[in-house]
Amino acid sequence: MKKATWLLPFVLLFGLQLVAQEHYTEGPVWRVSTIRVKPNQMDAYLTSLRQSSKPLLEEQKRQGIILDYKLFLKETRNDPKDWDIALAVLYKNHAAMDNLAAKGEMVRDKILGGKQQAHQLGEKREEIREIISSDLFQEIMLK
């Protein structure tokens, strides 16, 4: 009886996964960051994204580190503290995120010139924007 009680949580856990898999198949993984731009700084922030982030993301895409990326401007505001821009980065799967820091550092050094330049860019951006959240989403396709 003790063995059956010990196994019950595992059976339930795996059983729930099987039920979930009955309804969908897993797709790629998205990292979505939401950003609030400080007042009167939208032009400066978009310029910074265009000059620094776009070349970085394009190189990551070219090297196969990411599949794609998208930027979204929020057109509705529910709260004065709401976000303004979302950056979504698409990865093939969770395994594609293994060693992401090392891969990212190589691209950063190539595009931005090194850790110090990236740090300076980050400090400048802190003056014009605030990161609200950074979330990971598993895309699913309903069966």
# chains A, B, ... in the order shown; residues from 1 in each chain; ligands from 1
call {"tool": "residues_around", "arguments": {"residues": "segment 99-116 of chain A", "least_positions_apart": "5", "cutoff": "12 Å", "atoms": "only C-alpha atoms", "output": "list in words"}}
result
Gln51, Ser52, Ser53, Lys54, Pro55, Leu56, Leu57, Glu58, Glu59, Gln60, Lys61, Arg62, Gln63, Gly64, Ile65, Ile66, Tyr91, His94, Leu121, Gly122 and Glu123 of chain A
call {"tool": "write_last_selection", "arguments": {"atoms": "C-alpha atoms", "output": "PDB file, in the first residue's frame"}}
result
ATOM      1  CA  GLN A  51      20.534  51.076 -34.397  1.00  0.00           C
ATOM      2  CA  SER A  52      21.538  48.445 -31.820  1.00  0.00           C
ATOM      3  CA  SER A  53      18.906  45.780 -31.192  1.00  0.00           C
ATOM      4  CA  LYS A  54      17.867  45.196 -34.788  1.00  0.00           C
ATOM      5  CA  PRO A  55      21.418  44.363 -36.002  1.00  0.00           C
ATOM      6  CA  LEU A  56      21.905  42.123 -32.950  1.00  0.00           C
ATOM      7  CA  LEU A  57      18.641  40.236 -33.503  1.00  0.00           C
ATOM      8  CA  GLU A  58      19.242  39.972 -37.255  1.00  0.00           C
ATOM      9  CA  GLU A  59      22.669  38.424 -36.620  1.00  0.00           C
ATOM     10  CA  GLN A  60      21.182  35.969 -34.095  1.00  0.00           C
ATOM     11  CA  LYS A  61      18.583  35.061 -36.706  1.00  0.00           C
ATOM     12  CA  ARG A  62      21.253  34.668 -39.412  1.00  0.00           C
ATOM     13  CA  GLN A  63      23.253  32.341 -37.125  1.00  0.00           C
ATOM     14  CA  GLY A  64      20.163  30.268 -36.261  1.00  0.00           C
ATOM     15  CA  ILE A  65      20.206  31.224 -32.576  1.00  0.00           C
ATOM     16  CA  ILE A  66      16.667  32.568 -32.927  1.00  0.00           C
ATOM     17  CA  TYR A  91      13.143  30.073 -30.392  1.00  0.00           C
ATOM     18  CA  HIS A  94      13.409  25.018 -25.098  1.00  0.00           C
ATOM     19  CA  LEU A 121      23.978  50.916 -24.067  1.00  0.00           C
ATOM     20  CA  GLY A 122      22.019  49.329 -21.211  1.00  0.00           C
ATOM     21  CA  GLU A 123      22.706  52.298 -18.959  1.00  0.00           C
TER      22      GLU A 123
END
call {"tool": "select_by_dssp", "arguments": {"residues": "chain A", "states": "strand (DSSP E)", "output": "PyMOL selection string"}}
result
chain A and resi 24-37+68-73+85-91+129-142
call {"tool": "select_by_dssp", "arguments": {"residues": "segment 50-92 of chain A", "states": "helix (DSSP H, G or I)", "output": "list of chain:residue names"}}
result
A:Arg50, A:Gln51, A:Ser52, A:Ser53, A:Lys54, A:Pro55, A:Leu56, A:Leu57, A:Glu58, A:Glu59, A:Gln60, A:Lys61, A:Arg62
call {"tool": "residues_around", "arguments": {"residues": "Glu139 of chain A", "least_positions_apart": "3", "cutoff": "6 Å", "atoms": "only C-alpha atoms", "output": "MDAnalysis selection string"}}
result
chainID A and resid 27:29
call {"tool": "write_last_selection", "arguments": {"atoms": "C-alpha atoms", "output": "short mmCIF file (atom, residue, chain, number, x, y, z; two decimals), in the first residue's frame"}}
result
data_model
loop_
_atom_site.label_atom_id
_atom_site.label_comp_id
_atom_site.auth_asym_id
_atom_site.auth_seq_id
_atom_site.Cartn_x
_atom_site.Cartn_y
_atom_site.Cartn_z
CA GLY A 27 5.34 24.52 -31.04
CA PRO A 28 8.15 27.01 -30.68
CA VAL A 29 8.95 29.06 -27.58
#
call {"tool": "closest_atom_pairs", "arguments": {"of": "segment 3-111 of chain A", "to": "segment 124-130 of chain A", "cutoff": "12 Å", "atoms": "only C-alpha atoms", "output": "Markdown table"}}
result
| residue | atom | partner | partner_atom | distance |
| --- | --- | --- | --- | --- |
| A:Ser33 | CA | A:Glu130 | CA | 10.5 |
| A:Thr34 | CA | A:Glu130 | CA | 8.7 |
| A:Ile35 | CA | A:Glu130 | CA | 5.7 |
| A:Arg36 | CA | A:Glu130 | CA | 5.2 |
| A:Val37 | CA | A:Arg129 | CA | 4.2 |
| A:Lys38 | CA | A:Ile128 | CA | 5.3 |
| A:Pro39 | CA | A:Ile128 | CA | 8.1 |
| A:Asn40 | CA | A:Ile128 | CA | 8.7 |
| A:Gln41 | CA | A:Ile128 | CA | 5.7 |
| A:Met42 | CA | A:Ile128 | CA | 8.0 |
| A:Asp43 | CA | A:Ile128 | CA | 9.9 |
| A:Ala44 | CA | A:Ile128 | CA | 7.6 |
| A:Tyr45 | CA | A:Ile128 | CA | 6.6 |
| A:Leu46 | CA | A:Ile128 | CA | 10.4 |
| A:Thr47 | CA | A:Arg125 | CA | 10.9 |
| A:Ser48 | CA | A:Arg125 | CA | 8.0 |
| A:Leu49 | CA | A:Arg125 | CA | 9.6 |
| A:Ser52 | CA | A:Arg125 | CA | 11.0 |
| A:Ser53 | CA | A:Arg125 | CA | 11.4 |
| A:Lys81 | CA | A:Glu130 | CA | 10.3 |
| A:Asp82 | CA | A:Glu130 | CA | 10.7 |
| A:Trp83 | CA | A:Glu130 | CA | 8.8 |
| A:Asp84 | CA | A:Arg129 | CA | 9.6 |
| A:Ile85 | CA | A:Arg129 | CA | 9.9 |
| A:Ala86 | CA | A:Glu130 | CA | 11.7 |
call {"tool": "write_last_selection", "arguments": {"atoms": "N, CA and C atoms", "output": "PDB file, in the first residue's frame"}}
result
ATOM      1  N   SER A  33       9.173  40.366 -23.839  1.00  0.00           N
ATOM      2  CA  SER A  33       9.505  41.413 -22.869  1.00  0.00           C
ATOM      3  C   SER A  33       8.604  42.609 -23.126  1.00  0.00           C
ATOM      4  N   THR A  34       7.989  43.118 -22.055  1.00  0.00           N
ATOM      5  CA  THR A  34       7.163  44.314 -22.180  1.00  0.00           C
ATOM      6  C   THR A  34       7.912  45.488 -21.567  1.00  0.00           C
ATOM      7  N   ILE A  35       7.824  46.630 -22.245  1.00  0.00           N
ATOM      8  CA  ILE A  35       8.629  47.794 -21.895  1.00  0.00           C
ATOM      9  C   ILE A  35       7.751  49.033 -21.817  1.00  0.00           C
ATOM     10  N   ARG A  36       7.978  49.824 -20.785  1.00  0.00           N
ATOM     11  CA  ARG A  36       7.318  51.130 -20.666  1.00  0.00           C
ATOM     12  C   ARG A  36       8.365  52.177 -21.019  1.00  0.00           C
ATOM     13  N   VAL A  37       8.062  52.985 -22.030  1.00  0.00           N
ATOM     14  CA  VAL A  37       8.974  54.042 -22.447  1.00  0.00           C
ATOM     15  C   VAL A  37       8.640  55.288 -21.642  1.00  0.00           C
ATOM     16  N   LYS A  38       9.669  55.960 -21.156  1.00  0.00           N
ATOM     17  CA  LYS A  38       9.450  57.166 -20.349  1.00  0.00           C
ATOM     18  C   LYS A  38       8.878  58.279 -21.223  1.00  0.00           C
ATOM     19  N   PRO A  39       8.143  59.217 -20.618  1.00  0.00           N
ATOM     20  CA  PRO A  39       7.506  60.286 -21.391  1.00  0.00           C
ATOM     21  C   PRO A  39       8.502  61.017 -22.305  1.00  0.00           C
ATOM     22  N   ASN A  40       8.043  61.270 -23.519  1.00  0.00           N
ATOM     23  CA  ASN A  40       8.807  62.001 -24.538  1.00  0.00           C
ATOM     24  C   ASN A  40      10.093  61.294 -24.970  1.00  0.00           C
ATOM     25  N   GLN A  41      10.190  59.988 -24.745  1.00  0.00           N
ATOM     26  CA  GLN A  41      11.405  59.250 -25.096  1.00  0.00           C
ATOM     27  C   GLN A  41      11.178  58.165 -26.159  1.00  0.00           C
ATOM     28  N   MET A  42       9.969  58.099 -26.729  1.00  0.00           N
ATOM     29  CA  MET A  42       9.663  57.043 -27.694  1.00  0.00           C
ATOM     30  C   MET A  42      10.591  57.113 -28.908  1.00  0.00           C
ATOM     31  N   ASP A  43      10.805  58.306 -29.450  1.00  0.00           N
ATOM     32  CA  ASP A  43      11.664  58.443 -30.626  1.00  0.00           C
ATOM     33  C   ASP A  43      13.092  57.983 -30.300  1.00  0.00           C
ATOM     34  N   ALA A  44      13.613  58.387 -29.166  1.00  0.00           N
ATOM     35  CA  ALA A  44      14.970  57.990 -28.767  1.00  0.00           C
ATOM     36  C   ALA A  44      15.055  56.474 -28.574  1.00  0.00           C
ATOM     37  N   TYR A  45      14.017  55.886 -27.990  1.00  0.00           N
ATOM     38  CA  TYR A  45      14.046  54.449 -27.748  1.00  0.00           C
ATOM     39  C   TYR A  45      13.962  53.668 -29.059  1.00  0.00           C
ATOM     40  N   LEU A  46      13.069  54.082 -29.950  1.00  0.00           N
ATOM     41  CA  LEU A  46      12.952  53.395 -31.236  1.00  0.00           C
ATOM     42  C   LEU A  46      14.243  53.541 -32.053  1.00  0.00           C
ATOM     43  N   THR A  47      14.877  54.688 -31.966  1.00  0.00           N
ATOM     44  CA  THR A  47      16.167  54.887 -32.639  1.00  0.00           C
ATOM     45  C   THR A  47      17.204  53.919 -32.070  1.00  0.00           C
ATOM     46  N   SER A  48      17.244  53.774 -30.763  1.00  0.00           N
ATOM     47  CA  SER A  48      18.174  52.860 -30.121  1.00  0.00           C
ATOM     48  C   SER A  48      17.909  51.412 -30.543  1.00  0.00           C
ATOM     49  N   LEU A  49      16.643  51.038 -30.600  1.00  0.00           N
ATOM     50  CA  LEU A  49      16.296  49.684 -31.047  1.00  0.00           C
ATOM     51  C   LEU A  49      16.742  49.453 -32.488  1.00  0.00           C
ATOM     52  N   SER A  52      20.790  49.446 -32.596  1.00  0.00           N
ATOM     53  CA  SER A  52      21.538  48.445 -31.820  1.00  0.00           C
ATOM     54  C   SER A  52      20.851  47.082 -31.749  1.00  0.00           C
ATOM     55  N   SER A  53      19.591  47.066 -31.386  1.00  0.00           N
ATOM     56  CA  SER A  53      18.906  45.780 -31.192  1.00  0.00           C
ATOM     57  C   SER A  53      18.614  45.079 -32.512  1.00  0.00           C
ATOM     58  N   LYS A  81       0.543  53.064 -15.830  1.00  0.00           N
ATOM     59  CA  LYS A  81       1.784  52.302 -15.651  1.00  0.00           C
ATOM     60  C   LYS A  81       1.879  51.122 -16.616  1.00  0.00           C
ATOM     61  N   ASP A  82       1.006  51.100 -17.616  1.00  0.00           N
ATOM     62  CA  ASP A  82       0.987  50.025 -18.594  1.00  0.00           C
ATOM     63  C   ASP A  82       2.228  50.069 -19.483  1.00  0.00           C
ATOM     64  N   TRP A  83       2.481  49.000 -20.201  1.00  0.00           N
ATOM     65  CA  TRP A  83       3.622  48.933 -21.109  1.00  0.00           C
ATOM     66  C   TRP A  83       3.282  49.570 -22.446  1.00  0.00           C
ATOM     67  N   ASP A  84       4.331  49.936 -23.206  1.00  0.00           N
ATOM     68  CA  ASP A  84       4.171  50.582 -24.511  1.00  0.00           C
ATOM     69  C   ASP A  84       4.621  49.703 -25.673  1.00  0.00           C
ATOM     70  N   ILE A  85       5.697  48.973 -25.470  1.00  0.00           N
ATOM     71  CA  ILE A  85       6.298  48.157 -26.528  1.00  0.00           C
ATOM     72  C   ILE A  85       6.544  46.757 -25.986  1.00  0.00           C
ATOM     73  N   ALA A  86       6.291  45.759 -26.836  1.00  0.00           N
ATOM     74  CA  ALA A  86       6.639  44.377 -26.502  1.00  0.00           C
ATOM     75  C   ALA A  86       7.639  43.887 -27.541  1.00  0.00           C
TER      76      ALA A  86
END
call {"tool": "residues_around", "arguments": {"residues": "Thr25 of chain A", "least_positions_apart": "2", "cutoff": "9 Å", "atoms": "only C-alpha atoms", "output": "PyMOL selection string"}}
result
chain A and resi 20-23+27+139-143
call {"tool": "atom_distance", "arguments": {"atom1": "atom CA of Arg50 of chain A", "atom2": "atom CA of Tyr69 of chain A"}}
result
13.1 Å
call {"tool": "atom_distance", "arguments": {"atom1": "atom CA of Ser134 of chain A", "atom2": "atom CA of Gln117 of chain A"}}
result
22.7 Å
call {"tool": "residues_around", "arguments": {"residues": "Val89 of chain A", "least_positions_apart": "3", "cutoff": "7 Å", "atoms": "only C-alpha atoms", "output": "ChimeraX atom specification"}}
result
/A:30-32,68-70
